[in-house]
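This is protein-v2.txt (compact mmCIF, C-alpha atoms).
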# COMPACT_ATOMS: atom_id res chain seq x y z
CA MET S 299 4.27 0.07 -16.07
CA TRP S 300 5.78 2.99 -14.15
CA ALA S 301 4.85 1.56 -10.73
CA GLU S 302 7.21 -1.39 -11.20
CA ASN S 303 10.16 1.02 -10.95
CA SER S 304 8.74 3.18 -8.17
CA VAL S 305 8.96 3.60 -4.42
CA PHE S 306 5.63 4.50 -2.79
CA TYR S 307 4.95 6.70 0.23
CA GLN S 308 1.62 6.25 2.03
CA ILE S 309 -0.17 9.05 3.87
CA TYR S 310 -3.43 8.80 5.83
CA PRO S 311 -4.59 12.38 5.18
CA LEU S 312 -7.25 12.78 7.88
CA GLY S 313 -4.75 11.85 10.57
CA PHE S 314 -1.71 13.38 8.88
CA CYS S 315 -3.47 16.74 8.56
CA GLY S 316 -4.88 16.74 12.10
CA ALA S 317 -8.53 16.72 11.02
CA PRO S 318 -11.32 16.29 13.59
CA LYS S 319 -12.29 12.64 14.12
CA GLU S 320 -15.96 13.34 13.30
CA ASN S 321 -17.06 15.31 10.26
CA ASP S 322 -17.92 18.72 11.74
CA GLY S 323 -19.05 20.24 8.45
CA VAL S 324 -16.46 23.02 8.66
CA THR S 325 -14.29 23.51 5.56
CA VAL S 326 -10.61 24.07 6.42
CA ASN S 327 -7.68 23.75 4.00
CA ARG S 328 -5.60 21.21 5.85
CA ILE S 329 -4.71 19.07 2.84
CA GLY S 330 -2.18 21.65 1.66
CA LYS S 331 0.14 20.17 4.28
CA ILE S 332 0.81 17.25 1.91
CA ALA S 333 2.29 19.66 -0.62
CA ASP S 334 4.55 21.03 2.12
CA TRP S 335 6.05 17.54 2.46
CA ALA S 336 6.78 17.14 -1.27
CA GLU S 337 10.48 17.96 -0.87
CA HIS S 338 10.82 15.51 2.03
CA ILE S 339 9.14 12.75 0.01
CA GLN S 340 11.38 13.51 -2.96
CA LYS S 341 14.52 13.57 -0.78
CA LEU S 342 13.47 10.24 0.73
CA GLY S 343 13.54 8.71 -2.74
CA ALA S 344 9.82 8.02 -3.12
CA ASP S 345 8.28 8.95 -6.45
CA ALA S 346 4.65 7.96 -5.86
CA VAL S 347 2.26 8.92 -3.06
CA TYR S 348 -0.64 6.70 -2.05
CA LEU S 349 -3.28 8.68 -0.18
CA SER S 350 -5.81 6.96 2.05
CA PRO S 351 -9.38 8.30 1.68
CA ILE S 352 -9.79 12.02 1.00
CA PHE S 353 -13.44 12.26 -0.02
CA GLU S 354 -16.34 13.52 2.10
CA SER S 355 -17.11 10.93 4.75
CA ASP S 356 -18.90 10.40 8.04
CA ARG S 357 -15.76 9.82 10.10
CA HIS S 358 -12.62 7.94 9.07
CA GLY S 359 -12.74 8.21 5.29
CA TYR S 360 -13.82 4.67 4.46
CA ASP S 361 -17.45 5.67 5.19
CA THR S 362 -17.89 7.85 2.09
CA ARG S 363 -20.66 10.43 1.80
CA ASP S 364 -19.73 11.93 -1.56
CA TYR S 365 -17.12 10.62 -4.03
CA ARG S 366 -17.04 13.93 -5.90
CA LYS S 367 -16.17 16.22 -3.01
CA ILE S 368 -12.96 16.44 -0.96
CA ASP S 369 -13.73 16.00 2.74
CA CYS S 370 -14.46 19.47 4.14
CA ARG S 371 -12.11 18.73 7.05
CA LEU S 372 -9.29 18.58 4.46
CA GLY S 373 -10.39 21.49 2.26
CA THR S 374 -11.91 21.94 -1.18
CA ASN S 375 -11.51 20.24 -4.53
CA GLU S 376 -9.44 23.24 -5.62
CA ASP S 377 -7.16 22.84 -2.59
CA PHE S 378 -6.46 19.23 -3.48
CA ALA S 379 -5.89 20.05 -7.16
CA LYS S 380 -3.06 22.36 -6.04
CA VAL S 381 -1.57 19.56 -3.92
CA CYS S 382 -1.55 17.22 -6.92
CA GLU S 383 0.02 19.94 -9.06
CA THR S 384 2.82 20.36 -6.51
CA LEU S 385 3.43 16.63 -6.19
CA HIS S 386 3.56 16.16 -9.94
CA ALA S 387 5.97 19.12 -10.22
CA HIS S 388 8.30 17.20 -7.87
CA GLY S 389 8.11 14.07 -10.02
CA ILE S 390 5.73 12.32 -7.60
CA ARG S 391 2.73 10.41 -8.96
CA VAL S 392 -0.58 10.35 -7.10
CA VAL S 393 -2.59 7.21 -6.25
CA LEU S 394 -5.91 7.60 -4.42
CA ASP S 395 -7.83 5.16 -2.25
CA GLY S 396 -10.80 3.79 -4.21
CA VAL S 397 -13.35 2.72 -1.60
CA PHE S 398 -15.88 0.99 -3.84
CA ASN S 399 -17.12 -1.92 -1.75
CA HIS S 400 -19.12 0.19 0.70
CA VAL S 401 -20.17 3.70 1.66
CA GLY S 402 -21.09 5.47 4.88
CA ARG S 403 -24.61 5.84 6.19
CA GLY S 404 -24.34 9.50 5.22
CA PHE S 405 -23.94 8.62 1.52
CA TRP S 406 -26.48 10.64 -0.44
CA ALA S 407 -28.11 7.68 -2.19
CA PHE S 408 -28.49 5.71 1.06
CA LYS S 409 -30.07 8.73 2.75
CA ASP S 410 -32.60 8.82 -0.09
CA VAL S 411 -33.50 5.18 0.66
CA GLN S 412 -33.85 5.99 4.37
CA GLU S 413 -36.32 8.73 3.47
CA LYS S 414 -38.33 7.11 0.67
CA LYS S 415 -37.89 3.36 1.37
CA TRP S 416 -39.51 1.41 -1.51
CA ASP S 417 -40.03 4.57 -3.54
CA SER S 418 -36.33 5.46 -3.69
CA PRO S 419 -34.78 5.00 -7.14
CA TYR S 420 -31.58 4.02 -5.32
CA LYS S 421 -32.91 1.09 -3.30
CA ASP S 422 -31.18 -1.38 -5.65
CA TRP S 423 -27.82 0.37 -5.18
CA PHE S 424 -27.49 -1.63 -1.96
CA HIS S 425 -28.32 -5.10 -0.64
CA ILE S 426 -31.59 -4.19 1.08
CA HIS S 427 -34.49 -6.26 2.47
CA PHE S 428 -37.63 -4.42 3.51
CA ASP S 429 -38.94 -7.35 5.56
CA GLY S 430 -36.39 -6.71 8.32
CA ASN S 431 -34.83 -3.90 10.30
CA SER S 432 -31.33 -2.59 10.94
CA ASN S 433 -29.44 -1.91 14.15
CA TYR S 434 -30.21 1.74 13.48
CA ASN S 435 -33.99 1.15 13.17
CA ASP S 436 -34.08 2.21 9.52
CA GLY S 437 -37.19 0.16 8.81
CA PHE S 438 -35.24 -2.16 6.51
CA TRP S 439 -32.27 -4.52 6.74
CA TYR S 440 -29.12 -4.00 4.67
CA GLU S 441 -25.80 -5.72 4.25
CA GLY S 442 -22.80 -4.05 5.88
CA TRP S 443 -19.12 -4.79 5.32
CA GLU S 444 -18.09 -7.78 7.46
CA GLY S 445 -20.72 -6.96 10.09
CA HIS S 446 -19.88 -3.25 10.32
CA PHE S 447 -23.25 -1.64 9.64
CA GLU S 448 -21.84 1.88 9.56
CA LEU S 449 -20.34 0.68 6.23
CA VAL S 450 -23.18 0.02 3.77
CA LYS S 451 -22.24 -2.48 1.06
CA LEU S 452 -22.77 -1.32 -2.51
CA ASN S 453 -24.40 -3.55 -5.12
CA LEU S 454 -21.65 -3.76 -7.72
CA ARG S 455 -23.84 -5.97 -9.91
CA ASN S 456 -26.07 -2.95 -10.53
CA PRO S 457 -24.97 -1.21 -13.77
CA ALA S 458 -26.11 2.17 -12.44
CA VAL S 459 -23.75 1.85 -9.45
CA VAL S 460 -20.84 0.83 -11.65
CA ASP S 461 -21.50 3.70 -14.08
CA TYR S 462 -21.64 6.15 -11.18
CA LEU S 463 -18.33 4.95 -9.69
CA LEU S 464 -16.55 4.96 -13.04
CA ASP S 465 -17.79 8.47 -13.72
CA CYS S 466 -16.33 9.52 -10.37
CA VAL S 467 -12.97 8.00 -11.36
CA ARG S 468 -13.15 9.94 -14.62
CA SER S 469 -13.71 13.15 -12.68
CA TRP S 470 -10.66 12.43 -10.46
CA VAL S 471 -8.46 12.05 -13.52
CA GLU S 472 -9.88 15.22 -15.09
CA GLU S 473 -9.67 17.34 -11.91
CA TYR S 474 -6.51 16.02 -10.29
CA ASP S 475 -4.69 14.07 -13.04
CA ILE S 476 -4.31 11.10 -10.68
CA ASP S 477 -2.10 8.20 -11.76
CA GLY S 478 -3.78 5.20 -10.11
CA LEU S 479 -6.02 3.73 -7.45
CA ARG S 480 -5.50 1.55 -4.41
CA LEU S 481 -8.69 -0.50 -4.10
CA ASP S 482 -9.90 -0.94 -0.54
CA VAL S 483 -10.82 -4.52 0.44
CA ALA S 484 -10.23 -5.64 -3.14
CA TYR S 485 -10.78 -9.24 -2.01
CA CYS S 486 -14.47 -8.33 -1.53
CA LEU S 487 -14.99 -6.66 -4.90
CA ASP S 488 -16.98 -8.24 -7.69
CA HIS S 489 -14.60 -9.62 -10.32
CA ASP S 490 -16.66 -8.30 -13.22
CA PHE S 491 -16.46 -4.84 -11.65
CA LEU S 492 -12.67 -5.13 -11.48
CA ARG S 493 -12.52 -6.13 -15.14
CA ARG S 494 -14.72 -3.19 -16.12
CA LEU S 495 -12.61 -0.83 -14.00
CA ARG S 496 -9.40 -2.04 -15.67
CA GLN S 497 -10.84 -1.55 -19.17
CA PHE S 498 -12.20 1.87 -18.24
CA THR S 499 -9.02 3.20 -16.65
CA ASN S 500 -6.93 1.86 -19.53
CA SER S 501 -9.02 4.05 -21.82
CA LEU S 502 -8.73 7.07 -19.51
CA LYS S 503 -4.98 7.27 -19.07
CA PRO S 504 -2.05 5.18 -20.33
CA GLU S 505 -0.47 3.09 -17.54
CA PHE S 506 -3.13 3.97 -14.98
CA PHE S 507 -2.12 1.80 -12.01
CA LEU S 508 -4.51 -0.43 -10.04
CA VAL S 509 -3.35 -2.04 -6.79
CA GLY S 510 -5.71 -3.95 -4.51
CA GLU S 511 -5.81 -4.58 -0.79
CA THR S 512 -5.66 -8.37 -0.36
CA LEU S 513 -4.94 -10.28 2.82
CA HIS S 514 -4.89 -13.99 1.97
CA GLY S 515 -5.64 -16.51 -0.74
CA ASP S 516 -4.17 -16.78 -4.22
CA TYR S 517 -3.31 -13.26 -5.39
CA ASN S 518 -3.61 -14.43 -9.00
CA GLN S 519 -7.39 -14.23 -8.51
CA TRP S 520 -7.08 -10.45 -8.62
CA VAL S 521 -3.67 -9.70 -10.18
CA ASN S 522 -3.81 -10.58 -13.85
CA ASP S 523 -4.03 -9.00 -17.30
CA GLN S 524 -7.78 -8.35 -16.98
CA MET S 525 -8.01 -6.99 -13.43
CA LEU S 526 -5.35 -5.52 -11.12
CA HIS S 527 -1.70 -4.75 -11.80
CA SER S 528 -0.68 -5.45 -8.20
CA CYS S 529 -1.91 -6.17 -4.69
CA THR S 530 -0.68 -5.92 -1.10
CA ASN S 531 1.70 -8.72 -0.13
CA TYR S 532 0.42 -9.44 3.38
CA GLU S 533 1.97 -12.90 3.42
CA CYS S 534 5.46 -11.44 3.30
CA TYR S 535 4.53 -8.54 5.59
CA LYS S 536 4.12 -11.03 8.41
CA GLY S 537 7.27 -12.91 7.44
CA LEU S 538 9.39 -9.75 7.42
CA TYR S 539 8.96 -8.95 11.10
CA SER S 540 8.37 -12.40 12.57
CA SER S 541 11.47 -13.89 10.91
CA LEU S 542 13.55 -11.21 12.65
CA ASN S 543 11.74 -11.43 15.98
CA SER S 544 12.16 -15.21 16.07
CA MET S 545 15.66 -15.05 14.53
CA ASN S 546 14.50 -17.46 11.87
CA LEU S 547 15.16 -15.99 8.44
CA PHE S 548 14.03 -19.29 6.93
CA GLU S 549 10.46 -17.99 7.32
CA ILE S 550 10.73 -14.94 5.05
CA VAL S 551 13.00 -16.69 2.54
CA HIS S 552 10.59 -19.63 2.35
CA SER S 553 7.75 -17.20 1.57
CA LEU S 554 9.83 -15.46 -1.09
CA LYS S 555 10.81 -18.79 -2.67
CA ARG S 556 7.17 -19.89 -2.64
CA GLN S 557 6.11 -16.67 -4.34
CA PHE S 558 9.00 -15.83 -6.67
CA GLY S 559 11.46 -18.74 -6.74
CA PRO S 560 12.90 -20.29 -9.90
CA GLU S 561 10.69 -23.41 -9.90
CA ASN S 562 7.78 -23.62 -12.33
CA TRP S 563 5.24 -24.01 -9.52
CA THR S 564 6.04 -20.72 -7.79
CA LEU S 565 3.05 -18.42 -7.56
CA TYR S 566 3.87 -14.87 -8.59
CA ARG S 567 6.98 -14.83 -10.76
CA GLY S 568 6.87 -11.77 -13.01
CA LYS S 569 4.32 -10.00 -10.83
CA HIS S 570 5.09 -6.88 -8.81
CA LEU S 571 3.24 -7.02 -5.49
CA LEU S 572 3.17 -4.07 -3.08
CA CYS S 573 5.50 -4.80 -0.16
CA PHE S 574 5.52 -2.88 3.13
CA CYS S 575 6.73 -2.99 6.72
CA ASP S 576 3.67 -1.24 8.13
CA ASN S 577 0.64 0.84 7.11
CA HIS S 578 -2.43 2.61 8.53
CA ASP S 579 -4.03 -0.67 9.68
CA VAL S 580 -1.19 -2.41 11.54
CA THR S 581 1.21 -1.72 14.41
CA ARG S 582 4.20 0.40 13.40
CA VAL S 583 7.26 -1.69 12.60
CA ALA S 584 9.35 0.18 15.20
CA SER S 585 6.88 -1.01 17.83
CA ILE S 586 6.61 -4.59 16.63
CA LEU S 587 10.33 -5.40 16.25
CA GLN S 588 11.86 -6.71 19.49
CA GLU S 589 15.40 -5.63 18.54
CA PRO S 590 15.64 -1.93 17.49
CA ARG S 591 18.83 -2.66 15.53
CA HIS S 592 16.75 -4.82 13.20
CA LEU S 593 14.90 -1.73 11.88
CA PRO S 594 17.40 -1.05 9.06
CA LEU S 595 17.43 -4.77 8.23
CA ILE S 596 13.69 -5.10 7.75
CA TYR S 597 13.83 -2.22 5.28
CA GLY S 598 16.80 -3.90 3.61
CA LEU S 599 14.67 -7.01 3.14
CA MET S 600 11.72 -4.95 1.83
CA PHE S 601 13.79 -2.98 -0.70
CA GLY S 602 15.74 -6.09 -1.69
CA MET S 603 12.84 -8.51 -2.20
CA PRO S 604 10.70 -8.68 -5.37
CA GLY S 605 7.92 -6.13 -5.40
CA ILE S 606 7.08 -2.44 -5.15
CA PRO S 607 8.28 -0.96 -1.82
CA CYS S 608 5.86 1.25 0.12
CA LEU S 609 6.85 3.42 3.12
CA TYR S 610 4.32 4.65 5.68
CA TYR S 611 4.63 8.28 6.73
CA GLY S 612 6.64 8.73 9.91
CA SER S 613 8.09 5.24 9.94
CA GLU S 614 11.09 6.43 7.93
CA TRP S 615 12.47 7.99 11.10
CA GLY S 616 11.32 5.17 13.41
CA THR S 617 8.01 6.47 14.80
CA LYS S 618 6.25 4.01 17.10
CA GLY S 619 2.53 3.29 17.27
CA GLU S 620 0.45 0.32 18.37
CA LYS S 621 -2.89 -0.85 17.06
CA ARG S 622 -5.37 -0.73 19.93
CA PRO S 623 -8.72 -2.53 20.21
CA GLY S 624 -11.38 -0.25 18.73
CA SER S 625 -8.96 2.53 17.75
CA ASP S 626 -6.39 3.12 15.04
CA ASP S 627 -5.66 6.71 16.10
CA GLU S 628 -2.14 5.93 17.32
CA LEU S 629 -1.30 4.57 13.87
CA ARG S 630 -2.48 7.73 12.08
CA PRO S 631 -0.88 10.69 13.87
CA CYS S 632 -0.36 14.31 12.89
CA PHE S 633 3.29 15.38 12.77
CA GLU S 634 4.29 19.03 12.90
CA ALA S 635 7.01 18.47 10.31
CA PRO S 636 9.00 15.59 8.82
CA GLU S 637 12.00 14.36 10.78
CA TRP S 638 15.31 13.01 9.50
CA ASN S 639 17.82 10.79 11.23
CA GLU S 640 20.27 7.95 10.59
CA LEU S 641 17.49 5.51 9.73
CA THR S 642 16.01 7.98 7.25
CA ASP S 643 19.43 8.38 5.61
CA LEU S 644 19.70 4.63 5.16
CA ILE S 645 16.14 4.24 3.85
CA ALA S 646 16.72 7.04 1.34
CA ALA S 647 19.89 5.28 0.13
CA MET S 648 17.99 1.98 -0.20
CA ALA S 649 15.13 3.68 -2.05
CA LYS S 650 17.56 5.24 -4.52
CA ALA S 651 19.34 1.90 -4.97
CA HIS S 652 16.05 0.12 -5.61
CA ARG S 653 14.68 2.65 -8.10
CA GLU S 654 17.91 2.74 -10.12
CA SER S 655 18.52 -1.02 -10.17
CA ASP S 656 17.00 -3.11 -12.93
CA ALA S 657 17.69 -6.26 -10.89
CA LEU S 658 15.98 -4.99 -7.73
CA CYS S 659 12.95 -3.75 -9.68
CA HIS S 660 12.55 -6.64 -12.11
CA GLY S 661 14.93 -9.45 -11.17
CA ASP S 662 14.11 -13.05 -10.36
CA PHE S 663 14.73 -14.51 -6.90
CA GLN S 664 17.18 -17.21 -5.81
CA ASP S 665 18.50 -17.88 -2.32
CA VAL S 666 22.28 -18.29 -2.10
CA VAL S 667 23.14 -18.46 1.61
CA LEU S 668 20.61 -19.09 4.39
CA THR S 669 20.98 -19.58 8.13
CA ASN S 670 18.67 -18.63 10.97
CA ARG S 671 20.39 -15.26 11.32
CA GLN S 672 21.84 -14.55 7.87
CA THR S 673 20.57 -14.56 4.34
CA ILE S 674 22.08 -13.77 0.97
CA PHE S 675 19.76 -13.93 -2.03
CA GLN S 676 20.18 -13.03 -5.66
CA ARG S 677 18.08 -10.73 -7.85
CA ARG S 678 18.95 -10.98 -11.55
CA THR S 679 17.80 -9.76 -14.95
CA ASP S 680 19.50 -9.93 -18.34
CA LYS S 681 20.98 -6.50 -17.58
CA GLU S 682 22.11 -6.75 -13.96
CA ARG S 683 22.75 -9.03 -10.98
CA VAL S 684 22.51 -7.94 -7.34
CA LEU S 685 23.15 -9.96 -4.17
CA VAL S 686 21.16 -8.85 -1.11
CA ALA S 687 23.05 -9.70 2.09
CA ILE S 688 21.55 -9.48 5.60
CA ASN S 689 23.16 -10.28 8.96
CA ALA S 690 20.59 -10.13 11.76
CA ASP S 691 23.08 -11.31 14.41
CA SER S 692 24.98 -9.25 16.98
CA GLN S 693 28.19 -10.94 15.80
CA PRO S 694 29.99 -10.59 12.46
CA TYR S 695 29.51 -13.42 9.97
CA VAL S 696 31.78 -14.57 7.16
CA ALA S 697 29.90 -16.05 4.22
CA HIS S 698 31.75 -18.48 1.96
CA PHE S 699 29.94 -19.00 -1.33
CA ASN S 700 30.55 -18.75 -5.06
CA ALA S 701 29.46 -15.27 -6.10
CA ASN S 702 30.47 -15.98 -9.70
CA CYS S 703 32.41 -12.73 -9.74
CA GLY S 704 35.41 -11.27 -7.93
CA ARG S 705 34.27 -7.79 -6.95
CA ALA S 706 31.07 -5.85 -6.50
CA VAL S 707 29.84 -2.42 -5.41
CA ASP S 708 27.36 -1.89 -2.58
CA LEU S 709 24.46 0.08 -4.08
CA ILE S 710 23.60 1.44 -0.62
CA THR S 711 27.00 2.85 0.37
CA GLY S 712 28.84 2.99 -2.95
CA LYS S 713 31.74 1.04 -1.42
CA ASP S 714 33.62 -1.72 -3.24
CA HIS S 715 33.30 -5.31 -2.06
CA ASP S 716 35.82 -8.11 -2.66
CA PHE S 717 34.44 -11.67 -2.56
CA GLY S 718 37.93 -13.18 -2.21
CA GLY S 719 38.51 -15.13 1.03
CA GLY S 720 34.88 -14.92 2.08
CA SER S 721 32.47 -12.04 2.55
CA GLU S 722 32.29 -10.57 6.04
CA LEU S 723 28.89 -9.25 7.12
CA PRO S 724 29.16 -6.86 10.09
CA PRO S 725 26.62 -7.22 12.93
CA TYR S 726 23.13 -5.95 12.06
CA SER S 727 24.12 -5.12 8.48
CA VAL S 728 22.56 -5.01 5.05
CA ALA S 729 24.27 -4.73 1.64
CA PHE S 730 23.10 -4.68 -1.98
CA TRP S 731 26.12 -5.99 -3.94
CA LYS S 732 25.98 -5.23 -7.63
CA CYS S 733 28.12 -7.84 -9.36
CA GLU S 734 29.96 -7.94 -12.73
CA ARG S 735 31.30 -4.43 -12.45

Reformat the file's structure so that it appears as structure tokens.
Amino acid sequence: MWAENSVFYQIYPLGFCGAPKENDGVTVNRIGKIADWAEHIQKLGADAVYLSPIFESDRHGYDTRDYRKIDCRLGTNEDFAKVCETLHAHGIRVVLDGVFNHVGRGFWAFKDVQEKKWDSPYKDWFHIHFDGNSNYNDGFWYEGWEGHFELVKLNLRNPAVVDYLLDCVRSWVEEYDIDGLRLDVAYCLDHDFLRRLRQFTNSLKPEFFLVGETLHGDYNQWVNDQMLHSCTNYECYKGLYSSLNSMNLFEIVHSLKRQFGPENWTLYRGKHLLCFCDNHDVTRVASILQEPRHLPLIYGLMFGMPGIPCLYYGSEWGTKGEKRPGSDDELRPCFEAPEWNELTDLIAAMAKAHRESDALCHGDFQDVVLTNRQTIFQRRTDKERVLVAINADSQPYVAHFNANCGRAVDLITGKDHDFGGGSELPPYSVAFWKCER
């Protein structure tokens, strides 16, 4: 599967392109801006773009009105087809947000139910009871997503709904040649629907990638040979920043051992979960880390750990942004142009190292050295062995351990490393030592 060797770059198009917060009905080609960033994304070392919702919606994209039409605030279907053509020409695959659990109140089938009530042929597309009323005084009650009644839950046990959604996916492949889907709130989706989606997309396009948004629980429920290829690794997301903020690297290493360690009981060995430092739903990592000099280190952990790394637009140069009660606007800004600085240089080097390393893409996990402020862990396949070394302290640290080789090369800097007499880790440093040169 191509995604297992990739680095992802996430964009929230409505914010990225500076679209109005409410759907004003005016068609403007803003989505072309994504194509303008293709060279930046390529230079950064990402070879797959994950786009948050782009289809016609009431407001923020997750309240879909029409799955077959690009949101007018972003442009036309033809405008987006050109964006995909440009991205593909730069060697960048395209993964769209599949919002299949719910729709907006402006969704065409729901509007038909509002108008015709019992007589609507679409009344069974939703979870509706005509013996109640909604907060909007629709004359019927319906199920919303987790109490948000602007998000109307679809009935994924209805074959007509499933057929409609799959036909939309087919149209996206035909029109835009997309390479995969990120499934919104995958933990809410009907398992039979996920199985049908996997079978259908397998028939549409070889190696069509399915990754689901999951927050908690056993990810094996969704990531398996019949359903999803991958899911979001929220457990390690929390461990990445809190282990640095508390100067307790035992936390993240414990999570990684629990998920990918050598013991038979570990949960996700052989699976490639999507790992990230931030995204469109959480505070930017530059705002959440208490020590700014830990920024390169958290990316070192992300690119060094098992999984598929995903960068969030703007964070590669250290943009800040906090999640506020009732508003995610600060997390989803519009930038005039991409920026590039020392952090971006380092992230690009790590991305290249990850993509080109068999061990970092596919290797097992074993911790070698672990203190509160330092960690060295091993990633290994039959072809390659890499030691990931992190020093989160303000002081240098000399690690004495058996590396089972004399010399290595740092995949980030290209510099040689000699294990003789101990390995010195400079303050706030990260290294990817490729052994057995």

Residue neighbourhood Arg357 in chain S, 12 Å, all atoms listed in the file, exclusion window fewer than 3 positions, as a list in words: Leu312, Gly313, Ala317, Pro318, Lys319, Glu320, Asn321, Asp322, Gly323, Pro351, Ile352, Phe353, Glu354, Tyr360, Asp361, Thr362, Arg363, Asp369, Cys370, Arg371, Val401, Gly402, Arg403, Gly404, Phe405, Glu448 and Leu449 of chain S

Counting all atoms listed in the file, note down every residue that has an atom within 12 Å of the point (17.6, -6.1, 21.0) (file coordinates), as a PyMOL selection string. chain S and resi 542-545+584+586-593+690-692+726

Write the residues of the preceding selection, restricted to C-alpha atoms, as an mmCIF file, keeping the file's coordinate frame.
data_model
loop_
_atom_site.group_PDB
_atom_site.id
_atom_site.type_symbol
_atom_site.label_atom_id
_atom_site.label_comp_id
_atom_site.auth_asym_id
_atom_site.auth_seq_id
_atom_site.Cartn_x
_atom_site.Cartn_y
_atom_site.Cartn_z
ATOM 1 C CA LEU S 542 13.550 -11.210 12.650
ATOM 2 C CA ASN S 543 11.740 -11.430 15.980
ATOM 3 C CA SER S 544 12.160 -15.210 16.070
ATOM 4 C CA MET S 545 15.660 -15.050 14.530
ATOM 5 C CA ALA S 584 9.350 0.180 15.200
ATOM 6 C CA ILE S 586 6.610 -4.590 16.630
ATOM 7 C CA LEU S 587 10.330 -5.400 16.250
ATOM 8 C CA GLN S 588 11.860 -6.710 19.490
ATOM 9 C CA GLU S 589 15.400 -5.630 18.540
ATOM 10 C CA PRO S 590 15.640 -1.930 17.490
ATOM 11 C CA ARG S 591 18.830 -2.660 15.530
ATOM 12 C CA HIS S 592 16.750 -4.820 13.200
ATOM 13 C CA LEU S 593 14.900 -1.730 11.880
ATOM 14 C CA ALA S 690 20.590 -10.130 11.760
ATOM 15 C CA ASP S 691 23.080 -11.310 14.410
ATOM 16 C CA SER S 692 24.980 -9.250 16.980
ATOM 17 C CA TYR S 726 23.130 -5.950 12.060
#

Of the residues S:Leu479, S:Ile710, S:Leu502, S:Leu464, which is the one nearest to Cys529 in chain S, using only C-alpha atoms? S:Leu479

Measuring atom to atom with all atoms listed in the file, identify which of S:Thr374, S:Gln693, S:Ser304, S:Gln340 is nearest to Arg328 in chain S. S:Thr374

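Candidate residues S:Ser528, S:Asn500, S:Ala336, S:Tyr434 were compared for distance to Phe447 in chain S, and the nearest is S:Tyr434, using all atoms listed in the file.
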
Min atom-atom distance to Asn670 in chain S from the set S:Leu394, S:Ala697, S:Leu547, S:Ala647, counting only C-alpha atoms, belongs to S:Leu547

Would you kindly return, as a PyMOL selection string, each protein, DNA or RNA residue with an atom no farther than 12 Å from any atom of Phe601 in chain S, considering all atoms listed in the file and excluding same-chain residues fewer than 2 positions away? chain S and resi 303-306+343-344+538+572-575+594-599+603-609+644-655+657-659+677+686-688+709-710+728-730

Excluding same-chain residues fewer than 2 positions from Val392 in chain S, what lies within 10 Å of it counting all atoms listed in the file, as a list in words? Phe306, Tyr307, Asp345, Ala346, Val347, Tyr348, Leu349, Val381, Cys382, Glu383, Leu385, His386, Gly389, Ile390, Leu394, Tyr474, Asp475, Ile476, Asp477, Gly478, Leu479 and Phe507 of chain S

How about saving the chosen residues, C-alpha atoms kept, as an mmCIF file, in the coordinates of the input?
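Output file again-v5.cif follows:
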data_model
loop_
_atom_site.group_PDB
_atom_site.id
_atom_site.type_symbol
_atom_site.label_atom_id
_atom_site.label_comp_id
_atom_site.auth_asym_id
_atom_site.auth_seq_id
_atom_site.Cartn_x
_atom_site.Cartn_y
_atom_site.Cartn_z
ATOM 1 C CA PHE S 306 5.630 4.500 -2.790
ATOM 2 C CA TYR S 307 4.950 6.700 0.230
ATOM 3 C CA ASP S 345 8.280 8.950 -6.450
ATOM 4 C CA ALA S 346 4.650 7.960 -5.860
ATOM 5 C CA VAL S 347 2.260 8.920 -3.060
ATOM 6 C CA TYR S 348 -0.640 6.700 -2.050
ATOM 7 C CA LEU S 349 -3.280 8.680 -0.180
ATOM 8 C CA VAL S 381 -1.570 19.560 -3.920
ATOM 9 C CA CYS S 382 -1.550 17.220 -6.920
ATOM 10 C CA GLU S 383 0.020 19.940 -9.060
ATOM 11 C CA LEU S 385 3.430 16.630 -6.190
ATOM 12 C CA HIS S 386 3.560 16.160 -9.940
ATOM 13 C CA GLY S 389 8.110 14.070 -10.020
ATOM 14 C CA ILE S 390 5.730 12.320 -7.600
ATOM 15 C CA LEU S 394 -5.910 7.600 -4.420
ATOM 16 C CA TYR S 474 -6.510 16.020 -10.290
ATOM 17 C CA ASP S 475 -4.690 14.070 -13.040
ATOM 18 C CA ILE S 476 -4.310 11.100 -10.680
ATOM 19 C CA ASP S 477 -2.100 8.200 -11.760
ATOM 20 C CA GLY S 478 -3.780 5.200 -10.110
ATOM 21 C CA LEU S 479 -6.020 3.730 -7.450
ATOM 22 C CA PHE S 507 -2.120 1.800 -12.010
#

Could you work out an axis-aligned bounding box for all listed atoms of range 647-652 of chain S, with 8 Å added on each of the six sides, and give its centre and edge lengths in Å to one decimal, as AutoDock Vina command-line options?
--center_x 17.5 --center_y 2.7 --center_z -2.7 --size_x 20.8 --size_y 21.2 --size_z 21.7

For Asn546 in chain S, the nearest of the candidates S:Thr711, S:Asn700, S:Ser350, S:Gln672, counting all atoms listed in the file: S:Gln672

List as an MDAnalysis selection string: which residues have an atom within 12 Å of (5.7, 3.7, 10.4), counting only C-alpha atoms? chainID S and resid 307:310 574:587 593 597 608:621 628:631 641:642

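Near Ser553 in chain S, within a cut-off of 10 Å and counting all atoms listed in the file, sit the residues Glu533, Cys534, Lys536, Gly537, Leu538 and Gly559 of chain S, with same-chain residues fewer than 6 positions away left out.
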
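Atom pair CA of Ile329 in chain S / CA of Ser469 in chain S: separated by 18.9 Å.
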
Quick one: residues within 10 Å of Leu526 in chain S, all atoms listed in the file counted, chain neighbours fewer than 2 positions away excluded, as a ChimeraX atom specification? /S:479-481,484,492-493,495-496,507-510,517-524,528-529
